[in-house]
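Participant: File follows, run_6.txt with compact mmCIF, C-alpha atoms:
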# COMPACT_ATOMS: atom_id res chain seq x y z
CA MET A 697 0.00 0.00 0.00
CA THR A 698 2.88 2.32 0.82
CA THR A 699 6.55 2.29 1.70
CA GLN A 700 5.81 4.17 4.90
CA THR A 701 7.71 2.80 7.90
CA TRP A 702 5.63 2.63 11.08
CA ASP A 703 6.67 2.78 14.71
CA THR A 704 3.70 0.85 16.05
CA GLN A 705 4.26 1.75 19.70
CA ARG A 706 4.49 5.47 19.00
CA TYR A 707 1.46 5.18 16.73
CA GLN A 708 -0.59 3.64 19.54
CA THR A 709 0.55 5.89 22.36
CA GLN A 710 0.95 9.32 20.74
CA HIS A 711 -1.41 9.20 17.75
CA ASP A 712 -4.42 7.35 19.13
CA PHE A 713 -6.66 10.13 17.80
CA VAL A 714 -6.53 8.27 14.45
CA TRP A 715 -8.86 5.50 15.63
CA GLU A 716 -10.63 7.54 18.31
CA TYR A 717 -12.04 9.82 15.62
CA GLY A 718 -12.80 6.72 13.55
CA ALA A 719 -15.40 5.58 16.08
CA ALA A 720 -17.93 7.90 14.42
CA LEU A 721 -17.24 6.17 11.10
CA VAL A 722 -18.11 2.81 12.66
CA ASP A 723 -21.44 4.33 13.70
CA LEU A 724 -21.97 5.53 10.13
CA LEU A 725 -21.33 2.04 8.77
CA ALA A 726 -23.79 0.62 11.34
CA PRO A 727 -22.41 -2.93 11.25
CA GLN A 728 -25.01 -5.63 11.83
CA PRO A 729 -24.56 -8.96 13.61
CA GLY A 730 -23.41 -11.64 11.19
CA GLU A 731 -22.29 -9.27 8.43
CA HIS A 732 -18.98 -10.07 6.74
CA ILE A 733 -16.87 -6.90 6.88
CA LEU A 734 -13.30 -6.09 5.88
CA ASP A 735 -11.32 -3.42 7.74
CA LEU A 736 -9.09 -2.09 4.96
CA GLY A 737 -5.87 -0.68 6.44
CA CYS A 738 -6.64 -1.87 9.95
CA GLY A 739 -3.45 -0.62 11.64
CA PRO A 740 -3.18 -1.94 15.23
CA GLY A 741 -6.76 -3.21 15.08
CA GLN A 742 -8.76 -0.96 17.43
CA LEU A 743 -11.53 -0.32 14.92
CA THR A 744 -11.50 -3.93 13.75
CA GLN A 745 -12.31 -4.81 17.33
CA ALA A 746 -15.11 -2.22 17.40
CA LEU A 747 -16.66 -3.83 14.31
CA ALA A 748 -16.39 -7.27 15.92
CA GLN A 749 -18.03 -6.02 19.11
CA ALA A 750 -21.05 -5.04 17.00
CA GLY A 751 -21.38 -8.70 16.05
CA ALA A 752 -19.81 -8.53 12.59
CA LEU A 753 -17.60 -11.28 11.20
CA VAL A 754 -14.59 -9.11 10.54
CA GLU A 755 -11.12 -9.42 9.06
CA GLY A 756 -8.43 -6.74 9.15
CA ILE A 757 -5.80 -6.23 6.46
CA ASP A 758 -2.86 -3.86 6.29
CA ALA A 759 0.14 -3.53 3.99
CA ASP A 760 2.57 -3.20 6.89
CA PRO A 761 3.60 -6.48 8.58
CA ALA A 762 4.51 -4.65 11.80
CA MET A 763 0.99 -3.24 12.05
CA ILE A 764 -0.52 -6.68 11.46
CA ALA A 765 1.74 -8.18 14.13
CA GLN A 766 0.67 -5.47 16.59
CA ALA A 767 -3.02 -5.95 15.72
CA GLN A 768 -2.73 -9.71 16.26
CA GLN A 769 -1.02 -9.11 19.60
CA ASN A 770 -3.71 -6.62 20.64
CA TYR A 771 -6.63 -8.81 19.57
CA PRO A 772 -5.54 -12.45 19.21
CA GLU A 773 -9.14 -13.59 18.84
CA LEU A 774 -9.55 -11.68 15.54
CA THR A 775 -8.28 -12.42 12.05
CA PHE A 776 -5.63 -10.19 10.48
CA ARG A 777 -3.38 -10.57 7.45
CA THR A 778 -0.94 -8.56 5.37
CA ALA A 779 -2.42 -7.40 2.07
CA ASP A 780 -2.24 -4.42 -0.30
CA ALA A 781 -5.24 -2.13 -0.80
CA ARG A 782 -4.51 -2.04 -4.52
CA ASN A 783 -4.92 -5.78 -5.19
CA PHE A 784 -6.30 -7.58 -2.14
CA GLU A 785 -8.60 -10.58 -2.50
CA VAL A 786 -11.26 -12.09 -0.26
CA ALA A 787 -12.53 -15.65 0.03
CA SER A 788 -16.18 -14.72 -0.63
CA PRO A 789 -18.10 -11.50 -1.38
CA LEU A 790 -18.48 -9.13 1.56
CA ASP A 791 -21.35 -7.12 3.00
CA ALA A 792 -19.12 -4.10 3.63
CA VAL A 793 -15.63 -2.67 3.36
CA PHE A 794 -14.61 -0.15 5.99
CA SER A 795 -11.52 2.06 5.88
CA ASN A 796 -10.33 4.79 8.23
CA ALA A 797 -7.34 7.12 7.67
CA VAL A 798 -5.76 4.94 5.00
CA LEU A 799 -6.64 5.82 1.42
CA HIS A 800 -4.62 9.06 1.25
CA TRP A 801 -1.51 6.85 1.43
CA VAL A 802 -2.31 5.13 -1.88
CA SER A 803 -1.25 7.01 -4.99
CA VAL A 804 -3.29 4.83 -7.38
CA PRO A 805 -6.84 5.32 -6.04
CA GLU A 806 -8.57 3.66 -8.99
CA ALA A 807 -6.87 0.34 -8.16
CA VAL A 808 -8.20 0.55 -4.60
CA VAL A 809 -11.75 1.32 -5.71
CA GLN A 810 -11.68 -1.57 -8.18
CA SER A 811 -10.37 -3.97 -5.52
CA VAL A 812 -13.14 -2.89 -3.15
CA GLY A 813 -15.71 -3.38 -5.91
CA ARG A 814 -14.49 -6.91 -6.58
CA ALA A 815 -14.68 -7.73 -2.86
CA LEU A 816 -18.26 -6.57 -2.28
CA LYS A 817 -21.58 -8.23 -2.93
CA PRO A 818 -23.99 -6.26 -5.13
CA GLY A 819 -25.60 -3.82 -2.72
CA GLY A 820 -22.59 -4.04 -0.41
CA ARG A 821 -21.39 -0.91 1.37
CA PHE A 822 -18.09 0.92 1.16
CA VAL A 823 -17.64 3.42 4.00
CA ALA A 824 -14.36 5.31 4.29
CA GLU A 825 -12.73 8.39 5.70
CA PHE A 826 -9.31 9.75 4.79
CA GLY A 827 -7.46 12.97 4.04
CA GLY A 828 -9.37 15.20 1.63
CA LYS A 829 -8.52 18.29 -0.37
CA GLY A 830 -6.78 20.80 1.89
CA ASN A 831 -5.80 18.25 4.54
CA VAL A 832 -2.85 19.45 6.67
CA GLN A 833 -2.37 22.13 4.04
CA THR A 834 -0.47 24.51 6.32
CA ILE A 835 1.99 21.81 7.36
CA VAL A 836 2.48 20.48 3.83
CA ALA A 837 3.07 23.96 2.40
CA ALA A 838 5.73 24.64 5.04
CA VAL A 839 7.53 21.35 4.39
CA GLU A 840 7.47 21.92 0.65
CA ALA A 841 8.87 25.43 1.10
CA CYS A 842 11.71 24.16 3.27
CA LEU A 843 12.58 21.02 1.32
CA HIS A 844 11.31 21.65 -2.22
CA ARG A 845 9.90 18.14 -2.24
CA PRO A 846 6.31 17.52 -3.38
CA ASN A 847 3.51 16.21 -1.21
CA PHE A 848 3.30 12.41 -1.52
CA TRP A 849 -0.23 12.03 -0.13
CA TYR A 850 -3.43 11.75 -2.17
CA PHE A 851 -5.97 14.32 -0.97
CA PRO A 852 -8.90 14.40 -3.43
CA SER A 853 -11.88 16.71 -3.54
CA VAL A 854 -15.43 15.44 -3.05
CA ALA A 855 -16.14 15.74 -6.77
CA GLU A 856 -12.93 13.98 -7.77
CA TYR A 857 -13.46 10.96 -5.53
CA ALA A 858 -17.20 10.70 -6.09
CA SER A 859 -16.60 10.67 -9.85
CA LEU A 860 -14.01 7.92 -9.45
CA LEU A 861 -16.45 5.81 -7.44
CA GLU A 862 -19.31 6.34 -9.86
CA ALA A 863 -17.10 5.43 -12.81
CA ASN A 864 -16.38 2.10 -11.12
CA GLY A 865 -19.88 0.93 -10.33
CA PHE A 866 -20.70 2.62 -7.02
CA GLU A 867 -23.58 4.84 -6.00
CA VAL A 868 -22.39 7.62 -3.67
CA THR A 869 -25.02 8.28 -1.02
CA PHE A 870 -22.95 10.62 1.16
CA ALA A 871 -19.73 12.56 0.64
CA ALA A 872 -18.39 15.50 2.62
CA LEU A 873 -15.20 17.35 3.53
CA ILE A 874 -14.98 17.82 7.28
CA ASP A 875 -12.62 20.30 8.91
CA ARG A 876 -11.14 18.64 11.99
CA PRO A 877 -8.41 20.64 13.76
CA THR A 878 -6.66 17.96 15.79
CA PRO A 879 -4.60 18.57 18.97
CA LEU A 880 -1.30 16.71 18.98
CA LYS A 881 0.14 15.10 22.09
CA ALA A 882 3.54 15.81 23.67
CA GLY A 883 3.32 19.57 23.99
CA GLU A 884 6.14 21.41 22.24
CA GLN A 885 7.27 18.15 20.60
CA GLY A 886 3.85 17.40 19.13
CA LEU A 887 4.46 18.61 15.59
CA ALA A 888 7.94 17.08 15.40
CA ASN A 889 6.51 13.73 16.53
CA TRP A 890 3.72 14.00 13.96
CA LEU A 891 6.17 14.77 11.14
CA ARG A 892 8.42 11.87 12.08
CA MET A 893 5.46 9.47 12.28
CA PHE A 894 3.49 10.45 9.20
CA GLY A 895 5.91 12.47 7.07
CA ASP A 896 9.13 10.50 7.28
CA ARG A 897 9.27 10.15 3.49
CA PHE A 898 9.82 13.90 3.28
CA PHE A 899 13.11 13.35 5.12
CA ALA A 900 14.43 10.46 3.04
CA ASN A 901 18.20 10.66 2.49
CA LEU A 902 18.60 13.45 5.06
CA SER A 903 20.88 13.11 8.06
CA GLU A 904 19.42 13.34 11.55
CA ALA A 905 20.88 16.85 11.91
CA GLU A 906 19.32 17.90 8.59
CA THR A 907 15.96 16.43 9.58
CA ILE A 908 15.98 18.29 12.90
CA SER A 909 16.86 21.51 11.09
CA VAL A 910 13.97 21.13 8.63
CA ILE A 911 11.51 20.33 11.41
CA ARG A 912 12.57 23.45 13.30
CA GLN A 913 12.10 25.54 10.15
CA VAL A 914 8.64 24.06 9.63
CA GLU A 915 7.70 24.80 13.24
CA ASP A 916 8.79 28.41 12.82
CA ARG A 917 6.74 28.81 9.65
CA VAL A 918 3.50 27.42 11.06
CA ARG A 919 3.67 28.38 14.74
CA SER A 920 1.49 31.48 14.43
CA ARG A 921 -1.32 29.42 12.89
CA LEU A 922 -1.01 26.00 14.50
CA TYR A 923 0.39 26.48 18.00
CA ARG A 924 -2.01 27.18 20.85
CA ASP A 925 -0.35 28.80 23.86
CA ASN A 926 -2.44 29.17 26.99
CA ASP A 927 -2.27 28.11 30.60
CA GLN A 928 -4.90 25.40 30.27
CA ASN A 929 -4.08 23.59 27.05
CA SER A 930 -0.94 24.54 25.13
CA GLY A 931 0.33 22.60 22.14
CA TRP A 932 0.26 22.01 18.42
CA ILE A 933 -2.86 21.52 16.31
CA ALA A 934 -2.77 19.73 12.95
CA ASP A 935 -5.09 21.27 10.36
CA TYR A 936 -6.84 18.05 9.41
CA ARG A 937 -9.53 17.94 6.76
CA ARG A 938 -11.20 14.60 6.19
CA LEU A 939 -13.13 13.24 3.22
CA ARG A 940 -15.93 10.96 4.41
CA ILE A 941 -17.84 8.81 1.93
CA VAL A 942 -20.69 6.30 2.05
CA THR A 943 -21.31 4.24 -1.09
CA THR A 944 -23.15 1.18 -2.33
CA LYS A 945 -22.01 -1.23 -5.01
CA LEU A 946 -24.56 -1.20 -7.80
CA GLY A 947 -26.18 -4.39 -8.99
CA ASP A 948 -28.89 -6.77 -7.86
CA ALA A 949 -28.78 -7.18 -4.10
Show the structure stored in the file as structure tokens.

Facilitator:
Amino acid sequence: MTTQTWDTQRYQTQHDFVWEYGAALVDLLAPQPGEHILDLGCGPGQLTQALAQAGALVEGIDADPAMIAQAQQNYPELTFRTADARNFEVASPLDAVFSNAVLHWVSVPEAVVQSVGRALKPGGRFVAEFGGKGNVQTIVAAVEACLHRPNFWYFPSVAEYASLLEANGFEVTFAALIDRPTPLKAGEQGLANWLRMFGDRFFANLSEAETISVIRQVEDRVRSRLYRDNDQNSGWIADYRRLRIVTTKLGDA
């Protein structure tokens, strides 16, 4: 799915907002007991577990073996396997595919949509949320200005992604961009931690000293917009913007 390298422990302890915000997406999917559901890009498995607790028969897949190992350790009673969003296969057609905070990592979105379509029954649901147009725009612009390296994420508009889905046999029943300013943990180190976790590809081939220098430059550029300084709750805020979609695979149910 991506060449991103994940520190699973840091992901779980310092960036747990990823799946905490995803709880609302589980509610939107409204999993039913006995439904066969795939968690596409399951990470450490917290939302896979939430789907299972609703009574669904769920499997989690992720492209990163370390994430799958962590998910299996966290929830040994559930089924997880390593697979790529662009070409995964399932044993039998599914009632739903669920995906939270994953699809902006995949630079070939049509392959993902086609794989999801192949996995679903006619009438099956595809519910997903990921970075949309304008996501972390302030941070990305600062990194690009400091490094002169392009953004590697895929952040589509509503129209762009809805058109892609419709062209591949889906009916889009809901699609929206949602502004979600997100506080980052670790106080003054919050943005640096976020960049090292999610933006490490920006720093490829840089020394540690060079990476630190770039991060400091980025902090200086965005501090006036993204740092909150007060006695009660100081720290960095990431300017998240999420694309949330609900779709149905066309065909006879």

Participant: Of the residues A:Lys945, A:Gln742, A:Glu840, A:Gly828, which is the one nearest to Ala815 in chain A, using only C-alpha atoms?

Facilitator: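 Closest residue, counting only C-alpha atoms: A:Lys945.
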
Participant: Suppose you want the space between CA of Leu860 in chain A and CA of Ser811 in chain A; what is it in Å?

Facilitator: 13.0 Å

Participant: What is the CA of Gln768 in chain A to CA of Ile733 in chain A distance in Å?

Facilitator: 17.2 Å

Participant: Restricting the calculation to all atoms listed in the file: of A:Phe870, A:Tyr923, A:Tyr857, A:Phe822, which residue gets closest to Asp935 in chain A?

Facilitator: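 Of all the options, A:Tyr923 lies closest to Asp935 in chain A.
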
Participant: Could you please determine the separation between CA of Ile933 in chain A and CA of Gly895 in chain A in Å, to one decimal place?

Facilitator: 15.6 Å

Participant: Find the residues near Val722 in chain A: any atom within 8 Å, counting all atoms listed in the file, skip ones fewer than 6 places away on the same chain, and give them as number ranges by chain.

Facilitator: A: 743, 746-747

Participant: Step by step, gather every atom of range 719-722 of chain A that the file lists, find the box along x, y and z that holds them, add 5 Å on each side, and finally give centre and edge lengths in Å to one decimal, as AutoDock Vina command-line options.

Facilitator:
--center_x -16.8 --center_y 5.4 --center_z 13.6 --size_x 12.7 --size_y 15.1 --size_z 15.0

Participant: Name the closest residue to Trp890 in chain A among the candidates A:Glu915, A:Asp791, A:Glu731, A:Glu867; distances are taken between atoms, counting only C-alpha atoms.

Facilitator: A:Glu915

Participant: Taking 3 positions as the minimum chain separation for residues in the same chain, which residues sit within 8 Å of Val854 in chain A when counting all atoms listed in the file? Answer as an MDAnalysis selection string.

Facilitator: chainID A and resid 828:829 857:858 871:873 939

Participant: Which polymer residues have any atom within 8 Å of an atom of Thr834 in chain A, counting all atoms listed in the file, with same-chain residues fewer than 2 positions away left out, as a list in words?

Facilitator: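 Skipping anything fewer than 2 positions along the chain leaves Val832, Val836, Ala837, Ala838, Val918 and Asp935 of chain A.
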
Participant: Counting only C-alpha atoms, find residues at most 10 Å from (-27.4, -14.3, 11.1) (file frame) and give them as a ChimeraX atom specification.

Facilitator: /A:728-731,751-752

Participant: Select, from A:Ala905, A:Thr943, A:Thr869, A:Asn889, the residue with the minimum atom-to-atom distance to Gly813 in chain A, counting all atoms listed in the file.

Facilitator: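 Smallest separation from Gly813 in chain A among the options: A:Thr943.
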
Participant: Taking only C-alpha atoms into account, which of A:Ser788, A:Gln766, A:Thr878, A:Asn901 comes nearest Trp932 in chain A?

Facilitator: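 Nearest to Trp932 in chain A: A:Thr878.
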
Participant: Which residue out of A:Ala759, A:Asn929, A:Val793, A:Arg821 has the minimum interatomic distance to Lys881 in chain A when all atoms listed in the file are used?

Facilitator: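 Using all atoms listed in the file, the shortest distance to Lys881 in chain A belongs to A:Asn929.
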
Participant: Given the point (-3.3, 7.7, -2.9) in the file's coordinates, find the residues that have an atom at most 12 Å from it, counting only C-alpha atoms, and give them as a PyMOL selection string.

Facilitator: chain A and resi 697-698+781-782+797-809+826-828+847-852+857
